[in-house]
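**Student:** I'm passing along data-v5.pdb; it holds PDB, C-alpha atoms and all ligand atoms.
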ATOM      1  CA  MET N 462      49.331 -70.404  54.711
ATOM      2  CA  ARG N 463      45.918 -70.464  53.073
ATOM      3  CA  CYS N 464      44.518 -72.063  49.953
ATOM      4  CA  PRO N 465      45.145 -69.631  47.041
ATOM      5  CA  PHE N 466      41.810 -70.676  45.486
ATOM      6  CA  CYS N 467      39.261 -70.824  48.292
ATOM      7  CA  ASP N 468      41.192 -69.244  51.155
ATOM      8  CA  ALA N 469      40.755 -72.345  53.319
ATOM      9  CA  GLU N 470      42.976 -72.441  56.367
ATOM     10  CA  LYS N 471      46.130 -74.504  56.683
ATOM     11  CA  GLU N 472      44.289 -77.387  58.399
ATOM     12  CA  SER N 473      42.569 -78.037  55.047
ATOM     13  CA  LEU N 474      45.841 -78.243  53.113
ATOM     14  CA  LYS N 475      47.382 -81.639  52.650
ATOM     15  CA  VAL N 476      50.902 -82.353  51.374
ATOM     16  CA  ILE N 477      50.703 -84.942  48.622
ATOM     17  CA  ASP N 478      54.304 -84.819  47.441
ATOM     18  CA  SER N 479      57.569 -83.451  48.845
ATOM     19  CA  ARG N 480      60.966 -83.417  47.217
ATOM     20  CA  ALA N 481      64.284 -81.663  47.354
ATOM     21  CA  CYS N 482      65.189 -79.328  44.518
ATOM     22  CA  ASP N 483      67.685 -76.643  43.583
ATOM     23  CA  ALA N 484      70.548 -79.060  44.365
ATOM     24  CA  GLY N 485      69.179 -79.751  47.830
ATOM     25  CA  ARG N 486      68.881 -76.088  48.838
ATOM     26  CA  ALA N 487      65.083 -76.031  48.590
ATOM     27  CA  ILE N 488      62.075 -78.273  49.151
ATOM     28  CA  ARG N 489      59.209 -78.355  46.720
ATOM     29  CA  ARG N 490      55.861 -79.458  48.113
ATOM     30  CA  ARG N 491      52.764 -80.329  46.169
ATOM     31  CA  ARG N 492      49.664 -79.610  48.199
ATOM     32  CA  GLU N 493      46.014 -80.294  47.842
ATOM     33  CA  CYS N 494      43.185 -78.314  49.384
ATOM     34  CA  LEU N 495      40.634 -80.586  51.037
ATOM     35  CA  SER N 496      37.979 -77.908  50.752
ATOM     36  CA  CYS N 497      38.098 -77.175  47.022
ATOM     37  CA  ALA N 498      40.222 -80.115  45.830
ATOM     38  CA  LYS N 499      42.598 -77.856  43.916
ATOM     39  CA  ARG N 500      46.331 -78.412  43.936
ATOM     40  CA  PHE N 501      49.232 -75.997  44.170
ATOM     41  CA  THR N 502      52.969 -75.984  44.817
ATOM     42  CA  THR N 503      55.023 -74.354  47.551
ATOM     43  CA  TYR N 504      58.787 -73.944  47.876
ATOM     44  CA  GLU N 505      60.790 -73.681  51.026
ATOM     45  CA  LYS N 506      64.248 -72.180  50.614
ATOM     46  CA  ILE N 507      67.107 -71.126  52.770
ATOM     47  CA  GLU N 508      67.218 -67.359  52.753
ATOM     48  CA  GLU N 509      70.508 -66.348  51.278
ATOM     49  CA  PRO N 510      72.475 -63.791  53.221
ATOM     50  CA  VAL N 511      72.260 -60.453  51.468
ATOM     51  CA  ARG N 512      75.492 -59.654  49.771
ATOM     52  CA  VAL N 513      76.205 -56.031  49.027
ATOM     53  CA  MET N 514      78.206 -55.414  45.881
ATOM     54  CA  VAL N 515      80.567 -52.506  45.506
ATOM     55  CA  VAL N 516      80.345 -50.700  42.166
ATOM     56  CA  LYS N 517      83.723 -49.341  41.155
ATOM     57  CA  LYS N 518      84.234 -46.181  39.108
ATOM     58  CA  ASP N 519      84.837 -48.253  35.957
ATOM     59  CA  GLY N 520      81.558 -50.108  36.503
ATOM     60  CA  ARG N 521      83.035 -53.373  37.800
ATOM     61  CA  ARG N 522      81.229 -54.988  40.696
ATOM     62  CA  ILE N 523      83.088 -56.651  43.534
ATOM     63  CA  PRO N 524      81.699 -58.150  46.751
ATOM     64  CA  TRP N 525      81.694 -56.005  49.870
ATOM     65  CA  ASP N 526      84.902 -56.641  51.781
ATOM     66  CA  ARG N 527      85.472 -54.846  55.065
ATOM     67  CA  ASN N 528      89.058 -56.059  55.230
ATOM     68  CA  LYS N 529      89.815 -54.065  52.124
ATOM     69  CA  ILE N 530      88.754 -50.883  53.876
ATOM     70  CA  LEU N 531      90.819 -51.802  56.913
ATOM     71  CA  ARG N 532      93.931 -52.418  54.800
ATOM     72  CA  GLY N 533      93.471 -49.069  53.070
ATOM     73  CA  LEU N 534      93.219 -47.370  56.458
ATOM     74  CA  GLU N 535      96.284 -49.171  57.773
ATOM     75  CA  ARG N 536      98.313 -48.039  54.774
ATOM     76  CA  ALA N 537      97.170 -44.451  55.269
ATOM     77  CA  CYS N 538      98.019 -44.601  58.988
ATOM     78  CA  PHE N 539     101.460 -46.157  58.546
ATOM     79  CA  LYS N 540     103.685 -44.793  61.357
ATOM     80  CA  ARG N 541     100.934 -42.463  62.508
ATOM     81  CA  PRO N 542      99.901 -42.395  66.168
ATOM     82  CA  VAL N 543      96.509 -43.961  65.473
ATOM     83  CA  PRO N 544      95.396 -46.985  67.510
ATOM     84  CA  GLU N 545      94.249 -50.025  65.548
ATOM     85  CA  GLY N 546      91.012 -49.942  67.543
ATOM     86  CA  GLU N 547      90.143 -46.578  66.032
ATOM     87  CA  LEU N 548      90.543 -47.992  62.536
ATOM     88  CA  LEU N 549      88.291 -50.929  63.377
ATOM     89  CA  ARG N 550      85.755 -48.490  64.750
ATOM     90  CA  ILE N 551      85.760 -46.595  61.450
ATOM     91  CA  VAL N 552      85.286 -49.826  59.508
ATOM     92  CA  ASP N 553      82.394 -50.833  61.781
ATOM     93  CA  GLU N 554      80.720 -47.455  61.446
ATOM     94  CA  VAL N 555      81.099 -47.346  57.674
ATOM     95  CA  GLU N 556      79.845 -50.918  57.307
ATOM     96  CA  GLU N 557      76.831 -50.189  59.474
ATOM     97  CA  GLU N 558      76.033 -47.036  57.526
ATOM     98  CA  VAL N 559      76.427 -48.728  54.139
ATOM     99  CA  PHE N 560      74.299 -51.744  55.088
ATOM    100  CA  ARG N 561      71.659 -49.498  56.578
ATOM    101  CA  THR N 562      71.325 -47.404  53.436
ATOM    102  CA  HIS N 563      72.168 -49.871  50.638
ATOM    103  CA  ASP N 564      70.842 -53.416  50.371
ATOM    104  CA  ARG N 565      72.249 -54.517  47.003
ATOM    105  CA  GLU N 566      74.818 -52.176  45.528
ATOM    106  CA  VAL N 567      76.897 -49.337  46.824
ATOM    107  CA  PRO N 568      79.159 -47.035  44.793
ATOM    108  CA  SER N 569      82.802 -47.220  45.858
ATOM    109  CA  THR N 570      82.872 -43.409  45.890
ATOM    110  CA  LEU N 571      80.329 -43.391  48.694
ATOM    111  CA  ILE N 572      82.465 -45.744  50.771
ATOM    112  CA  GLY N 573      85.500 -43.547  50.138
ATOM    113  CA  GLN N 574      83.540 -40.510  51.267
ATOM    114  CA  GLN N 575      82.344 -42.258  54.418
ATOM    115  CA  VAL N 576      85.876 -43.307  55.316
ATOM    116  CA  THR N 577      87.548 -39.968  54.582
ATOM    117  CA  ASP N 578      84.969 -38.030  56.578
ATOM    118  CA  ARG N 579      85.874 -40.071  59.636
ATOM    119  CA  LEU N 580      89.599 -40.247  59.000
ATOM    120  CA  ARG N 581      89.817 -36.476  58.641
ATOM    121  CA  ARG N 582      88.660 -36.067  62.222
ATOM    122  CA  LEU N 583      91.119 -38.695  63.424
ATOM    123  CA  ASP N 584      94.432 -37.901  61.754
ATOM    124  CA  GLN N 585      95.018 -35.222  59.145
ATOM    125  CA  VAL N 586      98.155 -36.756  57.640
ATOM    126  CA  ALA N 587      96.482 -40.144  57.258
ATOM    127  CA  TYR N 588      93.475 -38.401  55.792
ATOM    128  CA  VAL N 589      95.469 -36.681  53.052
ATOM    129  CA  ARG N 590      97.259 -39.949  52.264
ATOM    130  CA  PHE N 591      93.977 -41.813  52.027
ATOM    131  CA  ALA N 592      92.271 -39.065  50.048
ATOM    132  CA  SER N 593      95.195 -38.920  47.620
ATOM    133  CA  VAL N 594      94.522 -42.539  46.690
ATOM    134  CA  TYR N 595      90.770 -42.437  46.832
ATOM    135  CA  ARG N 596      90.309 -39.165  44.974
ATOM    136  CA  GLN N 597      93.177 -39.796  42.586
ATOM    137  CA  PHE N 598      94.456 -36.258  42.542
ATOM    138  CA  LYS N 599      95.638 -35.389  39.068
ATOM    139  CA  THR N 600      98.313 -32.921  40.016
ATOM    140  CA  LEU N 601     100.434 -32.034  43.001
ATOM    141  CA  ASP N 602      98.532 -28.735  43.206
ATOM    142  CA  ASP N 603      95.275 -30.625  43.777
ATOM    143  CA  LEU N 604      96.899 -32.515  46.609
ATOM    144  CA  VAL N 605      98.355 -29.370  48.147
ATOM    145  CA  ASP N 606      94.983 -27.631  47.883
ATOM    146  CA  GLU N 607      93.367 -30.509  49.731
ATOM    147  CA  ALA N 608      96.035 -30.445  52.421
ATOM    148  CA  LYS N 609      95.470 -26.703  52.868
ATOM    149  CA  ALA N 610      91.740 -27.245  53.105
ATOM    150  CA  VAL N 611      92.347 -29.808  55.846
ATOM    151  CA  ILE N 612      94.556 -27.417  57.776
ATOM    152  CA  ASP N 613      92.032 -24.591  57.446
ATOM    153  CA  ALA N 614      89.151 -26.840  58.434
ATOM    154  CA  GLN N 615      91.118 -28.030  61.434
ATOM    155  CA  ARG N 616      91.661 -24.444  62.575
ATOM    156  CA  TYR N 617      87.997 -23.812  62.144
ATOM    157  CA  GLU N 618      86.890 -26.916  64.001
ATOM    158  CA  ASP N 619      89.465 -26.698  66.747
ATOM    159  CA  PRO N 620      89.867 -23.162  68.079
ATOM    160  CA  GLY N 621      92.832 -24.356  70.155
ATOM    161  CA  GLN N 622      94.839 -24.552  66.949
ATOM    162  CA  GLY N 623      94.881 -20.797  66.783
ATOM    163  CA  ARG N 624      93.691 -18.511  64.105
ATOM    164  CA  LEU N 625      95.386 -17.851  60.859
ATOM    165  CA  PHE N 626      94.229 -14.276  60.685
ATOM    166  CA  VAL N 627      93.676 -11.893  63.521
ATOM    167  CA  GLU N 628      90.749  -9.556  63.279
ATOM    168  CA  PRO N 629      92.035  -6.016  62.803
ATOM    169  CA  LYS N 630      91.233  -3.680  65.666
ATOM    170  CA  THR N 631      88.643  -1.089  64.768
ATOM    171  CA  GLY N 632      90.253   2.185  63.844
ATOM    172  CA  ASN N 633      93.299   0.681  62.138
ATOM    173  CA  CYS N 634      91.509   0.409  58.891
ATOM    174  CA  ASP N 635      89.869   3.806  58.765
ATOM    175  CA  PRO N 636      90.380   5.706  55.532
ATOM    176  CA  PRO N 637      93.407   7.994  55.665
ATOM    177  CA  VAL N 638      92.623  11.323  57.237
ATOM    178  CA  GLU N 639      93.354  14.376  55.169
ATOM    179  CA  PRO N 640      96.303  16.364  56.469
ATOM    180  CA  PRO N 641      95.036  19.162  58.689
ATOM    181  CA  ARG N 642      94.755  22.403  56.926
ATOM    182  CA  ARG N 643      95.793  25.641  58.444
ATOM    183  CA  LYS N 644      92.759  27.031  60.067
ATOM    184  CA  ARG N 645      91.826  30.372  58.835
ATOM    185  CA  ARG N 646      91.592  32.821  61.559
ATOM    186  CA  LYS N 647      88.052  33.853  62.112
ATOM    187  CA  ASN N 648      87.451  37.525  62.359
ATOM    188  CA  ASP N 649      87.603  38.582  65.871
ATOM    189  CA  PRO N 650      84.085  39.689  66.724
ATOM    190  CA  THR N 651      85.485  42.161  69.176
ATOM    191  CA  ALA N 652      87.457  43.919  66.402
ATOM    192  CA  SER N 653      84.348  45.274  64.712
ATOM    193  CA  ALA N 654      82.926  46.544  67.882
TER     194      ALA N 654
HETATM  195 ZN    ZN N 701      40.934 -74.551  48.506
END
Could you write out this file's structure as structure tokens?
Ligand SMILES: [Zn+2]
**Tutor:**
Amino acid sequence: MRCPFCDAEKESLKVIDSRACDAGRAIRRRRECLSCAKRFTTYEKIEEPVRVMVVKKDGRRIPWDRNKILRGLERACFKRPVPEGELLRIVDEVEEEVFRTHDREVPSTLIGQQVTDRLRRLDQVAYVRFASVYRQFKTLDDLVDEAKAVIDAQRYEDPGQGRLFVEPKTGNCDPPVEPPRRKRRKNDPTASA
């Protein structure tokens, strides 16, 4: 710390008063610079842990709660062959990602997206269950469409699942050939000889 007036170093600064403030969470110190005789005040506070708030679709803000994500995952994975450790791993990954990219507020939709992306790779049934809550599908068709998309994506990502369509062999799809016409007999060149 240096004097804000003459830039004197901390050895020149003398504390002339010190008292607790902010209900004991901070200390206010009155200091005097021995070089320029000016006075100023400093505060020492405990740094509050950063608390990320989740902004819901309706605009409400609620504190970040990793247990809420875990409970949502557990509901989606009810009676599915998914180890609890995998769910905790998802929560850890999502929390790390959210804290890395958001320091104050994070939209709940982003959390939902982060979770579903990971759950989709883990268990497709659990994914559709989770997505049906998080995306609030309006109709059964929406839900079925999503389930189909999952199945198609799974085929695409995992060739072992087999292909839905088999590439036609070349030749099978050629345009229909016209029925052979009777060939006209060419004039026998030997006849005119
Ligand atoms: Zn000074």
**Student:** What does the distance between CA of Lys517 (chain N) and CA of Glu545 (chain N) come to in Å, to one decimal place?
**Tutor:**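 CA of Lys517 (chain N) sits 26.6 Å away from CA of Glu545 (chain N).
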**Student:** Carefully work through the PyMOL selection byres (((not hetatm)) within 6 of (chain N and resi 701)) for this structure and note down the residues it includes, as a list of chain:residue names.
**Tutor:**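 Taken on the displayed file, the PyMOL selection byres (((not hetatm)) within 6 of (chain N and resi 701)) yields the residues N:Cys464, N:Phe466, N:Cys467, N:Asp468, N:Ala469, N:Cys494, N:Ser496, N:Cys497, N:Lys499.
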**Student:** Write to file, as a PDB file, in the coordinates of the input, the residues of the selection just made, with C-alpha atoms.
**Tutor:**
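Heads up, here's the output in again-v7.pdb:
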ATOM      1  CA  CYS N 464      44.518 -72.063  49.953  1.00  0.00           C
ATOM      2  CA  PHE N 466      41.810 -70.676  45.486  1.00  0.00           C
ATOM      3  CA  CYS N 467      39.261 -70.824  48.292  1.00  0.00           C
ATOM      4  CA  ASP N 468      41.192 -69.244  51.155  1.00  0.00           C
ATOM      5  CA  ALA N 469      40.755 -72.345  53.319  1.00  0.00           C
ATOM      6  CA  CYS N 494      43.185 -78.314  49.384  1.00  0.00           C
ATOM      7  CA  SER N 496      37.979 -77.908  50.752  1.00  0.00           C
ATOM      8  CA  CYS N 497      38.098 -77.175  47.022  1.00  0.00           C
ATOM      9  CA  LYS N 499      42.598 -77.856  43.916  1.00  0.00           C
TER      10      LYS N 499
END
**Student:** Pick from N:Arg480, N:Asp526, N:Gly520, N:Pro465: nearest to Ala498 (chain N), with only C-alpha atoms counted?
**Tutor:**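 Smallest distance to Ala498 (chain N) is found for N:Pro465.
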**Student:** Starting from the displayed file, determine the output of the PyMOL selection byres (((chain N and resi 541) around 12) and not hetatm) and express the residue list as a VMD selection string.
**Tutor:** chain N and resid 534 to 540 542 to 545 548 583 to 588 590
**Student:** Given only C-alpha atoms as the basis, pick out the residue of N:Arg579, N:Arg463, N:Lys506, N:Arg500 nearest to Asp478 (chain N).
**Tutor:**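 Under the stated criterion, the closest residue is N:Arg500.
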**Student:** Just the residues within 9 Å of Ile477 (chain N), please, counting all atoms listed in the file, with nothing from its chain fewer than 4 positions along; format it as a list in words.
**Tutor:** Arg490, Arg491, Arg492 and Glu493 of chain N
**Student:** Using only C-alpha atoms, pick whichever of N:Thr600, N:Trp525, N:Asp553, N:Lys609 has the shortest atom-to-atom distance to Ser569 (chain N).
**Tutor:** N:Trp525
**Student:** Find the distance between CA of Ile530 (chain N) and CA of Gly573 (chain N) and write it in Å to one decimal.
**Tutor:** 8.9 Å
**Student:** Between N:Met462, N:Lys471, N:Glu505, N:Val513, which one has atoms that come closest to Thr562 (chain N), using all atoms listed in the file?
**Tutor:** N:Val513
**Student:** Have a look at CA of Glu470 (chain N) and CA of Phe501 (chain N) and let me know their distance in Å, one decimal.
**Tutor:**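 Value for the CA of Glu470 (chain N)-CA of Phe501 (chain N) distance: 14.2 Å.
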**Student:** Closest to Ala592 (chain N) among N:Val516, N:Ile507, N:Leu580, N:Ala487, using all atoms listed in the file?
**Tutor:**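 Closest to Ala592 (chain N) of all the choices is N:Leu580.
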**Student:** Just give me the residues with any atom within 10 Å of (82.1, -44.8, 47.3), file coordinates, counting all atoms listed in the file, written as an MDAnalysis selection string.
**Tutor:** chainID N and resid 515:518 559 567:576 595
**Student:** With distances taken over all atoms listed in the file, which residue among N:Gly533, N:Asp613, N:Leu495, N:Gly546 lies nearest Ser593 (chain N)?
**Tutor:** N:Gly533
**Student:** Would you pick out the contacts of Arg489 (chain N) at 7 Å or less, using all atoms listed in the file, so that residues sharing its chain but fewer than 5 positions from it are not included, and give the list as a ChimeraX atom specification?
**Tutor:** /N:479-482,502-505
**Student:** With 8 Å of padding per side, what axis-aligned box (centre and edge lengths, Å, one decimal) covers all the listed atoms of region 548-557 of chain N? Give it as AutoDock Vina command-line options.
**Tutor:**
--center_x 83.7 --center_y -48.8 --center_z 61.0 --size_x 29.7 --size_y 20.3 --size_z 23.4
